[in-house]
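Asks: Contents of entry_11.cif (mmCIF, C-alpha atoms) are below:
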data_coords
loop_
_atom_site.group_PDB
_atom_site.id
_atom_site.type_symbol
_atom_site.label_atom_id
_atom_site.label_comp_id
_atom_site.auth_asym_id
_atom_site.auth_seq_id
_atom_site.Cartn_x
_atom_site.Cartn_y
_atom_site.Cartn_z
ATOM 1 C CA MET G 1078 -59.219 -20.179 2.782
ATOM 2 C CA ARG G 1079 -56.731 -22.440 0.950
ATOM 3 C CA ALA G 1080 -57.715 -20.815 -2.314
ATOM 4 C CA GLN G 1081 -56.878 -17.406 -0.871
ATOM 5 C CA ILE G 1082 -53.475 -18.642 0.322
ATOM 6 C CA ARG G 1083 -52.727 -20.125 -3.100
ATOM 7 C CA THR G 1084 -53.773 -16.888 -4.766
ATOM 8 C CA ALA G 1085 -51.604 -14.822 -2.406
ATOM 9 C CA THR G 1086 -48.661 -17.162 -2.972
ATOM 10 C CA SER G 1087 -49.136 -16.953 -6.738
ATOM 11 C CA LEU G 1088 -49.280 -13.162 -6.572
ATOM 12 C CA ALA G 1089 -46.117 -13.045 -4.450
ATOM 13 C CA ALA G 1090 -44.323 -15.331 -6.898
ATOM 14 C CA ALA G 1091 -45.447 -13.183 -9.819
ATOM 15 C CA ALA G 1092 -44.262 -10.044 -8.013
ATOM 16 C CA LEU G 1093 -40.837 -11.614 -7.382
ATOM 17 C CA LEU G 1094 -40.622 -12.673 -11.019
ATOM 18 C CA LEU G 1095 -41.458 -9.150 -12.209
ATOM 19 C CA ALA G 1096 -38.958 -7.644 -9.752
ATOM 20 C CA GLY G 1097 -36.256 -9.982 -11.051
ATOM 21 C CA ILE G 1098 -37.020 -9.069 -14.642
ATOM 22 C CA GLY G 1099 -36.965 -5.377 -13.711
ATOM 23 C CA PHE G 1100 -33.603 -5.602 -11.991
ATOM 24 C CA GLY G 1101 -32.210 -7.651 -14.853
ATOM 25 C CA THR G 1102 -33.301 -4.968 -17.306
ATOM 26 C CA LEU G 1103 -31.710 -2.230 -15.187
ATOM 27 C CA LEU G 1104 -28.423 -4.063 -14.879
ATOM 28 C CA GLY G 1105 -28.190 -4.781 -18.596
ATOM 29 C CA PRO G 1106 -26.834 -7.865 -20.340
ATOM 30 C CA ALA G 1107 -24.722 -10.336 -18.408
ATOM 31 C CA GLY G 1108 -21.235 -8.978 -17.788
ATOM 32 C CA THR G 1109 -22.150 -5.342 -18.422
ATOM 33 C CA PHE G 1110 -22.639 -4.568 -14.755
ATOM 34 C CA GLY G 1111 -19.336 -6.215 -13.854
ATOM 35 C CA SER G 1112 -17.462 -4.297 -16.529
ATOM 36 C CA LYS G 1113 -19.101 -1.035 -15.451
ATOM 37 C CA LEU G 1114 -18.108 -1.736 -11.861
ATOM 38 C CA ALA G 1115 -14.510 -2.544 -12.878
ATOM 39 C CA GLY G 1116 -14.363 0.686 -14.880
ATOM 40 C CA LEU G 1117 -15.640 2.634 -11.906
ATOM 41 C CA GLU G 1118 -13.022 1.022 -9.646
ATOM 42 C CA ARG G 1119 -10.279 2.034 -12.114
ATOM 43 C CA GLU G 1120 -11.557 5.609 -12.134
ATOM 44 C CA VAL G 1121 -11.576 5.741 -8.331
ATOM 45 C CA ASP G 1122 -8.003 4.371 -8.264
ATOM 46 C CA GLU G 1123 -6.925 7.044 -10.769
ATOM 47 C CA MET G 1124 -8.568 9.757 -8.658
ATOM 48 C CA ARG G 1125 -6.829 8.456 -5.528
ATOM 49 C CA GLN G 1126 -3.485 8.441 -7.341
ATOM 50 C CA THR G 1127 -4.013 12.002 -8.534
ATOM 51 C CA ALA G 1128 -4.987 13.124 -5.040
ATOM 52 C CA ALA G 1129 -2.057 11.265 -3.453
ATOM 53 C CA LEU G 1130 0.452 12.783 -5.861
ATOM 54 C CA SER G 1131 -0.958 16.248 -5.318
ATOM 55 C CA LEU G 1132 -0.918 15.905 -1.533
ATOM 56 C CA LEU G 1133 2.627 14.524 -1.505
ATOM 57 C CA ARG G 1134 3.800 17.818 -3.078
ATOM 58 C CA GLN G 1135 2.228 20.023 -0.395
ATOM 59 C CA PRO G 1136 4.335 22.023 2.071
ATOM 60 C CA SER G 1137 2.447 20.750 5.126
ATOM 61 C CA SER G 1138 3.670 17.433 6.522
ATOM 62 C CA SER G 1139 0.128 16.540 7.623
ATOM 63 C CA GLU G 1140 -1.038 16.902 4.007
ATOM 64 C CA ARG G 1141 1.866 14.784 2.802
ATOM 65 C CA ILE G 1142 0.931 12.094 5.337
ATOM 66 C CA LEU G 1143 -2.617 12.268 3.984
ATOM 67 C CA GLY G 1144 -1.170 11.769 0.503
ATOM 68 C CA VAL G 1145 0.664 8.665 1.701
ATOM 69 C CA SER G 1146 -2.598 7.454 3.249
ATOM 70 C CA TYR G 1147 -4.427 7.921 -0.069
ATOM 71 C CA SER G 1148 -1.740 5.896 -1.822
ATOM 72 C CA GLU G 1149 -2.359 2.996 0.557
ATOM 73 C CA GLN G 1150 -5.911 2.756 -0.759
ATOM 74 C CA ILE G 1151 -4.822 2.268 -4.375
ATOM 75 C CA SER G 1152 -5.110 -1.326 -5.520
ATOM 76 C CA ALA G 1153 -2.608 -1.053 -8.379
ATOM 77 C CA PRO G 1154 -0.492 2.100 -8.113
ATOM 78 C CA GLY G 1155 1.222 3.445 -11.194
ATOM 79 C CA ALA G 1156 4.916 4.234 -11.467
ATOM 80 C CA PRO G 1157 4.430 7.933 -10.568
ATOM 81 C CA THR G 1158 2.810 6.968 -7.250
ATOM 82 C CA ILE G 1159 5.520 4.441 -6.382
ATOM 83 C CA GLU G 1160 8.219 6.971 -7.320
ATOM 84 C CA ALA G 1161 6.557 9.656 -5.170
ATOM 85 C CA LEU G 1162 6.446 7.294 -2.178
ATOM 86 C CA LEU G 1163 10.105 6.340 -2.623
ATOM 87 C CA ARG G 1164 11.026 10.012 -3.004
ATOM 88 C CA ALA G 1165 9.108 10.809 0.207
ATOM 89 C CA LEU G 1166 10.979 8.003 1.956
ATOM 90 C CA ASP G 1167 14.344 9.310 0.777
ATOM 91 C CA THR G 1168 13.956 13.069 0.954
ATOM 92 C CA ASP G 1169 11.019 14.212 3.074
ATOM 93 C CA SER G 1170 11.999 16.537 5.895
ATOM 94 C CA SER G 1171 9.440 14.940 8.231
ATOM 95 C CA VAL G 1172 10.369 11.678 9.919
ATOM 96 C CA ASN G 1173 6.648 10.919 10.257
ATOM 97 C CA VAL G 1174 6.123 11.198 6.509
ATOM 98 C CA ARG G 1175 9.116 8.925 5.886
ATOM 99 C CA LEU G 1176 7.749 6.355 8.345
ATOM 100 C CA ALA G 1177 4.308 6.529 6.726
ATOM 101 C CA ALA G 1178 5.972 5.972 3.346
ATOM 102 C CA VAL G 1179 7.686 2.830 4.699
ATOM 103 C CA ASP G 1180 4.290 1.524 5.812
ATOM 104 C CA ALA G 1181 2.676 2.331 2.458
ATOM 105 C CA LEU G 1182 5.498 0.742 0.481
ATOM 106 C CA TYR G 1183 5.017 -2.475 2.441
ATOM 107 C CA LEU G 1184 1.694 -2.869 0.617
ATOM 108 C CA PHE G 1185 3.477 -2.736 -2.739
ATOM 109 C CA ALA G 1186 6.579 -4.715 -1.773
ATOM 110 C CA ASN G 1187 5.911 -7.370 -4.420
ATOM 111 C CA ASP G 1188 6.911 -4.804 -7.034
ATOM 112 C CA PRO G 1189 10.621 -5.319 -7.893
ATOM 113 C CA GLY G 1190 11.096 -1.555 -8.225
ATOM 114 C CA VAL G 1191 9.829 -1.069 -4.685
ATOM 115 C CA LYS G 1192 12.248 -3.686 -3.365
ATOM 116 C CA ASP G 1193 15.151 -2.020 -5.166
ATOM 117 C CA GLY G 1194 14.080 1.363 -3.825
ATOM 118 C CA LEU G 1195 13.834 0.096 -0.261
ATOM 119 C CA ILE G 1196 17.320 -1.418 -0.390
ATOM 120 C CA ALA G 1197 18.788 1.749 -1.900
ATOM 121 C CA SER G 1198 17.006 3.919 0.648
ATOM 122 C CA LEU G 1199 18.489 1.968 3.522
ATOM 123 C CA GLY G 1200 21.913 3.341 2.621
ATOM 124 C CA ARG G 1201 20.618 6.920 2.452
ATOM 125 C CA GLN G 1202 18.743 7.020 5.759
ATOM 126 C CA THR G 1203 20.362 8.661 8.768
ATOM 127 C CA THR G 1204 17.431 8.690 11.187
ATOM 128 C CA PRO G 1205 17.571 5.587 13.403
ATOM 129 C CA VAL G 1206 13.806 5.065 13.647
ATOM 130 C CA VAL G 1207 13.477 5.113 9.837
ATOM 131 C CA GLN G 1208 16.488 2.807 9.471
ATOM 132 C CA VAL G 1209 14.923 0.318 11.898
ATOM 133 C CA ALA G 1210 11.539 0.514 10.127
ATOM 134 C CA LEU G 1211 13.253 -0.235 6.804
ATOM 135 C CA ILE G 1212 15.219 -3.114 8.294
ATOM 136 C CA ASP G 1213 12.011 -4.565 9.747
ATOM 137 C CA LEU G 1214 10.265 -4.258 6.382
ATOM 138 C CA LEU G 1215 13.105 -5.879 4.455
ATOM 139 C CA ILE G 1216 13.188 -8.756 6.942
ATOM 140 C CA GLU G 1217 9.394 -9.093 6.789
ATOM 141 C CA ILE G 1218 9.397 -9.416 3.001
ATOM 142 C CA ARG G 1219 12.455 -11.726 3.178
ATOM 143 C CA GLU G 1220 14.489 -9.593 0.778
ATOM 144 C CA ARG G 1221 17.813 -11.413 0.747
ATOM 145 C CA ARG G 1222 19.372 -8.833 -1.572
ATOM 146 C CA ALA G 1223 19.345 -6.413 1.388
ATOM 147 C CA VAL G 1224 22.113 -8.347 3.187
ATOM 148 C CA GLU G 1225 24.924 -6.217 1.724
ATOM 149 C CA ALA G 1226 23.163 -2.974 2.665
ATOM 150 C CA LEU G 1227 22.631 -4.346 6.167
ATOM 151 C CA LYS G 1228 26.312 -5.252 6.438
ATOM 152 C CA SER G 1229 27.176 -1.677 5.452
ATOM 153 C CA LEU G 1230 25.027 -0.389 8.307
ATOM 154 C CA ILE G 1231 26.767 -2.742 10.716
ATOM 155 C CA GLY G 1232 30.209 -1.568 9.638
ATOM 156 C CA ASP G 1233 29.421 2.153 9.876
ATOM 157 C CA GLU G 1234 30.358 3.346 13.364
ATOM 158 C CA ARG G 1235 28.284 6.512 12.846
ATOM 159 C CA ASN G 1236 25.079 4.475 13.015
ATOM 160 C CA HIS G 1237 23.251 4.175 16.302
ATOM 161 C CA PRO G 1238 24.204 0.977 18.202
ATOM 162 C CA GLU G 1239 20.578 -0.214 18.142
ATOM 163 C CA VAL G 1240 20.467 0.188 14.353
ATOM 164 C CA ARG G 1241 23.643 -1.837 13.994
ATOM 165 C CA LYS G 1242 22.248 -4.487 16.343
ATOM 166 C CA LYS G 1243 18.994 -4.627 14.337
ATOM 167 C CA ALA G 1244 20.990 -4.899 11.103
ATOM 168 C CA GLU G 1245 22.968 -7.824 12.559
ATOM 169 C CA ALA G 1246 19.718 -9.584 13.449
ATOM 170 C CA GLY G 1247 18.503 -8.870 9.915
ATOM 171 C CA VAL G 1248 21.579 -10.438 8.344
ATOM 172 C CA LYS G 1249 21.133 -13.540 10.501
ATOM 173 C CA SER G 1250 17.453 -13.758 9.644
ATOM 174 C CA LEU G 1251 17.940 -13.312 5.910
ATOM 175 C CA THR G 1252 20.887 -15.693 5.594
ATOM 176 C CA SER G 1253 19.488 -18.560 7.654
#
Rewrite the structure of this file - the entire thing - as structure tokens.

Replies:
Amino acid sequence: MRAQIRTATSLAAAALLLAGIGFGTLLGPAGTFGSKLAGLEREVDEMRQTAALSLLRQPSSSERILGVSYSEQISAPGAPTIEALLRALDTDSSVNVRLAAVDALYLFANDPGVKDGLIASLGRQTTPVVQVALIDLLIEIRERRAVEALKSLIGDERNHPEVRKKAEAGVKSLTS
């Protein structure tokens, strides 16, 4: 009985060894699998960027929101994607698309160009809900360079009182 157990154990060990050799052969030399996977990830990112850019140019706001959503899935967006998101934030006719763009740009806020674009956009926005979303984002990322833009919002009587109040809180938060 013990001989049968030893034989079965030996056969199982041999099978595992052969399976390991087989998988190793399929995967190729060390590092090849990792480089193939990295290449595949880059290709998927490029496809997402292409899809996002295409969707952001569509006439339907729901398609443009889908384009913003695709951009959020990109690990390292290129300049055209960032520019398209900033353009959507500044010029899209749909408030929902502009709000979605604010959310997407939060993911890329470490990019200096994104920070500059967010600050510049704050002065161009006239919709209170978008202004507040931008103020919240700039406070969240602790962008002290936004203080002057916030002060401009405070001083503009045309802005909604809640926007001016939020801008005041932003100035206090960023200067303390």

Asks: Go through the shown structure with the PyMOL selection byres ((chain G and resi 1134) around 12) and write out the matching residues as a PyMOL selection string.

Replies: chain G and resi 1127-1133+1135-1145+1158+1161-1162+1164-1165+1168-1169+1174

Asks: Please evaluate the PyMOL selection byres ((chain G and resi 1212) around 12) against the structure above and give the resulting residues as a PyMOL selection string.

Replies: chain G and resi 1179+1183+1195-1200+1202+1205-1211+1213-1221+1223-1224+1226-1228+1230-1231+1239-1248+1250-1251

Asks: So which one's closest to G:Ala1178, G:Ser1146, G:Thr1109, G:Ser1152, G:Thr1203? Using all atoms listed in the file, please.

Replies: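 Looking only at the distances to G:Ala1178, the closest residue turns out to be G:Ser1146.
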
Asks: Could you jot down the atom CA of G:Gly1155 to atom CA of G:Glu1225 separation for me, Å, one decimal place?

Replies: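 Atom CA of G:Glu1225 lies 28.7 Å from atom CA of G:Gly1155.
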
Asks: From the options G:Glu1123, G:Glu1149, G:Glu1234, G:Glu1118, which residue's atoms come nearest to G:Ala1177, counting all atoms listed in the file?

Replies: G:Glu1149

Asks: G:Ser1148, G:Arg1235, G:Ile1159, G:Ser1229: which is nearest G:Asn1187, counting all atoms listed in the file?

Replies: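 Going through G:Ser1148, G:Arg1235, G:Ile1159, G:Ser1229 one by one, the smallest distance to G:Asn1187 is for G:Ile1159.
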
Asks: Grab the atom CA of G:Gly1232 to atom CA of G:Thr1252 distance for me, in Å with one decimal place.

Replies: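 It comes out at 17.4 Å.
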
Asks: Can you work out which one of G:Gly1194, G:Pro1238, G:Pro1154, G:Pro1189 has the shortest atom-to-atom distance to G:Gln1126, counting only C-alpha atoms?

Replies: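 Distance minimum relative to G:Gln1126 lands on G:Pro1154.
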
Asks: May I ask for the distance between atom CA of G:Leu1166 and atom CA of G:Asp1188, given in Å to one decimal place?

Replies: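 Atom CA of G:Asp1188 lies at a distance of 16.2 Å from atom CA of G:Leu1166.
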
Asks: Taking the partial coordinates given, rebuild stretch 1205-1231 of chain G to contain N, CA, C and O atoms; return it as a tab-separated table (two decimals), in the coordinates of the input.

Replies:
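So part.tsv came out as:
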chain	number	residue	atom	x	y	z
G	1205	PRO	N	17.65	6.96	12.91
G	1205	PRO	CA	17.57	5.59	13.40
G	1205	PRO	C	16.18	4.95	13.32
G	1205	PRO	O	16.07	3.79	12.93
G	1206	VAL	N	15.14	5.67	13.66
G	1206	VAL	CA	13.81	5.07	13.65
G	1206	VAL	C	13.39	4.67	12.22
G	1206	VAL	O	12.75	3.64	12.02
G	1207	VAL	N	13.79	5.45	11.23
G	1207	VAL	CA	13.48	5.11	9.84
G	1207	VAL	C	14.34	3.93	9.39
G	1207	VAL	O	13.86	3.02	8.70
G	1208	GLN	N	15.62	3.93	9.81
G	1208	GLN	CA	16.49	2.81	9.47
G	1208	GLN	C	15.91	1.50	10.03
G	1208	GLN	O	15.86	0.48	9.32
G	1209	VAL	N	15.48	1.53	11.27
G	1209	VAL	CA	14.92	0.32	11.90
G	1209	VAL	C	13.63	-0.11	11.19
G	1209	VAL	O	13.43	-1.31	10.95
G	1210	ALA	N	12.79	0.85	10.83
G	1210	ALA	CA	11.54	0.51	10.13
G	1210	ALA	C	11.85	-0.15	8.78
G	1210	ALA	O	11.21	-1.14	8.40
G	1211	LEU	N	12.85	0.37	8.08
G	1211	LEU	CA	13.25	-0.24	6.80
G	1211	LEU	C	13.83	-1.63	7.00
G	1211	LEU	O	13.52	-2.55	6.23
G	1212	ILE	N	14.65	-1.79	8.01
G	1212	ILE	CA	15.22	-3.11	8.29
G	1212	ILE	C	14.10	-4.10	8.59
G	1212	ILE	O	14.07	-5.21	8.04
G	1213	ASP	N	13.15	-3.70	9.43
G	1213	ASP	CA	12.01	-4.57	9.75
G	1213	ASP	C	11.24	-4.96	8.49
G	1213	ASP	O	10.86	-6.11	8.32
G	1214	LEU	N	11.00	-3.98	7.62
G	1214	LEU	CA	10.26	-4.26	6.38
G	1214	LEU	C	11.03	-5.23	5.49
G	1214	LEU	O	10.46	-6.19	4.97
G	1215	LEU	N	12.31	-5.00	5.32
G	1215	LEU	CA	13.10	-5.88	4.46
G	1215	LEU	C	13.18	-7.30	5.01
G	1215	LEU	O	13.18	-8.27	4.25
G	1216	ILE	N	13.22	-7.42	6.33
G	1216	ILE	CA	13.19	-8.76	6.94
G	1216	ILE	C	11.81	-9.39	6.73
G	1216	ILE	O	11.70	-10.56	6.38
G	1217	GLU	N	10.78	-8.60	6.93
G	1217	GLU	CA	9.39	-9.09	6.79
G	1217	GLU	C	9.13	-9.65	5.39
G	1217	GLU	O	8.48	-10.67	5.23
G	1218	ILE	N	9.64	-8.96	4.37
G	1218	ILE	CA	9.40	-9.42	3.00
G	1218	ILE	C	10.47	-10.40	2.52
G	1218	ILE	O	10.45	-10.82	1.37
G	1219	ARG	N	11.40	-10.74	3.46
G	1219	ARG	CA	12.46	-11.73	3.18
G	1219	ARG	C	13.30	-11.34	1.96
G	1219	ARG	O	13.58	-12.18	1.10
G	1220	GLU	N	13.70	-10.08	1.90
G	1220	GLU	CA	14.49	-9.59	0.78
G	1220	GLU	C	15.97	-9.85	1.03
G	1220	GLU	O	16.67	-9.05	1.64
G	1221	ARG	N	16.44	-10.97	0.52
G	1221	ARG	CA	17.81	-11.41	0.75
G	1221	ARG	C	18.84	-10.48	0.10
G	1221	ARG	O	19.98	-10.43	0.53
G	1222	ARG	N	18.43	-9.75	-0.92
G	1222	ARG	CA	19.37	-8.83	-1.57
G	1222	ARG	C	19.75	-7.66	-0.66
G	1222	ARG	O	20.68	-6.92	-0.97
G	1223	ALA	N	19.06	-7.51	0.46
G	1223	ALA	CA	19.34	-6.41	1.39
G	1223	ALA	C	20.53	-6.73	2.30
G	1223	ALA	O	20.99	-5.85	3.03
G	1224	VAL	N	21.05	-7.94	2.26
G	1224	VAL	CA	22.11	-8.35	3.19
G	1224	VAL	C	23.33	-7.43	3.08
G	1224	VAL	O	23.89	-7.01	4.11
G	1225	GLU	N	23.74	-7.08	1.88
G	1225	GLU	CA	24.92	-6.22	1.72
G	1225	GLU	C	24.67	-4.84	2.32
G	1225	GLU	O	25.56	-4.27	2.97
G	1226	ALA	N	23.49	-4.29	2.09
G	1226	ALA	CA	23.16	-2.97	2.66
G	1226	ALA	C	23.13	-3.05	4.19
G	1226	ALA	O	23.58	-2.12	4.88
G	1227	LEU	N	22.65	-4.16	4.72
G	1227	LEU	CA	22.63	-4.35	6.17
G	1227	LEU	C	24.06	-4.45	6.72
G	1227	LEU	O	24.37	-3.87	7.77
G	1228	LYS	N	24.92	-5.14	6.01
G	1228	LYS	CA	26.31	-5.25	6.44
G	1228	LYS	C	26.99	-3.88	6.43
G	1228	LYS	O	27.83	-3.59	7.29
G	1229	SER	N	26.63	-3.04	5.49
G	1229	SER	CA	27.18	-1.68	5.45
G	1229	SER	C	26.75	-0.89	6.68
G	1229	SER	O	27.54	-0.12	7.24
G	1230	LEU	N	25.51	-1.07	7.09
G	1230	LEU	CA	25.03	-0.39	8.31
G	1230	LEU	C	25.80	-0.86	9.53
G	1230	LEU	O	26.15	-0.07	10.40
G	1231	ILE	N	26.05	-2.16	9.58
G	1231	ILE	CA	26.77	-2.74	10.72
G	1231	ILE	C	28.17	-2.16	10.80
G	1231	ILE	O	28.66	-1.83	11.88
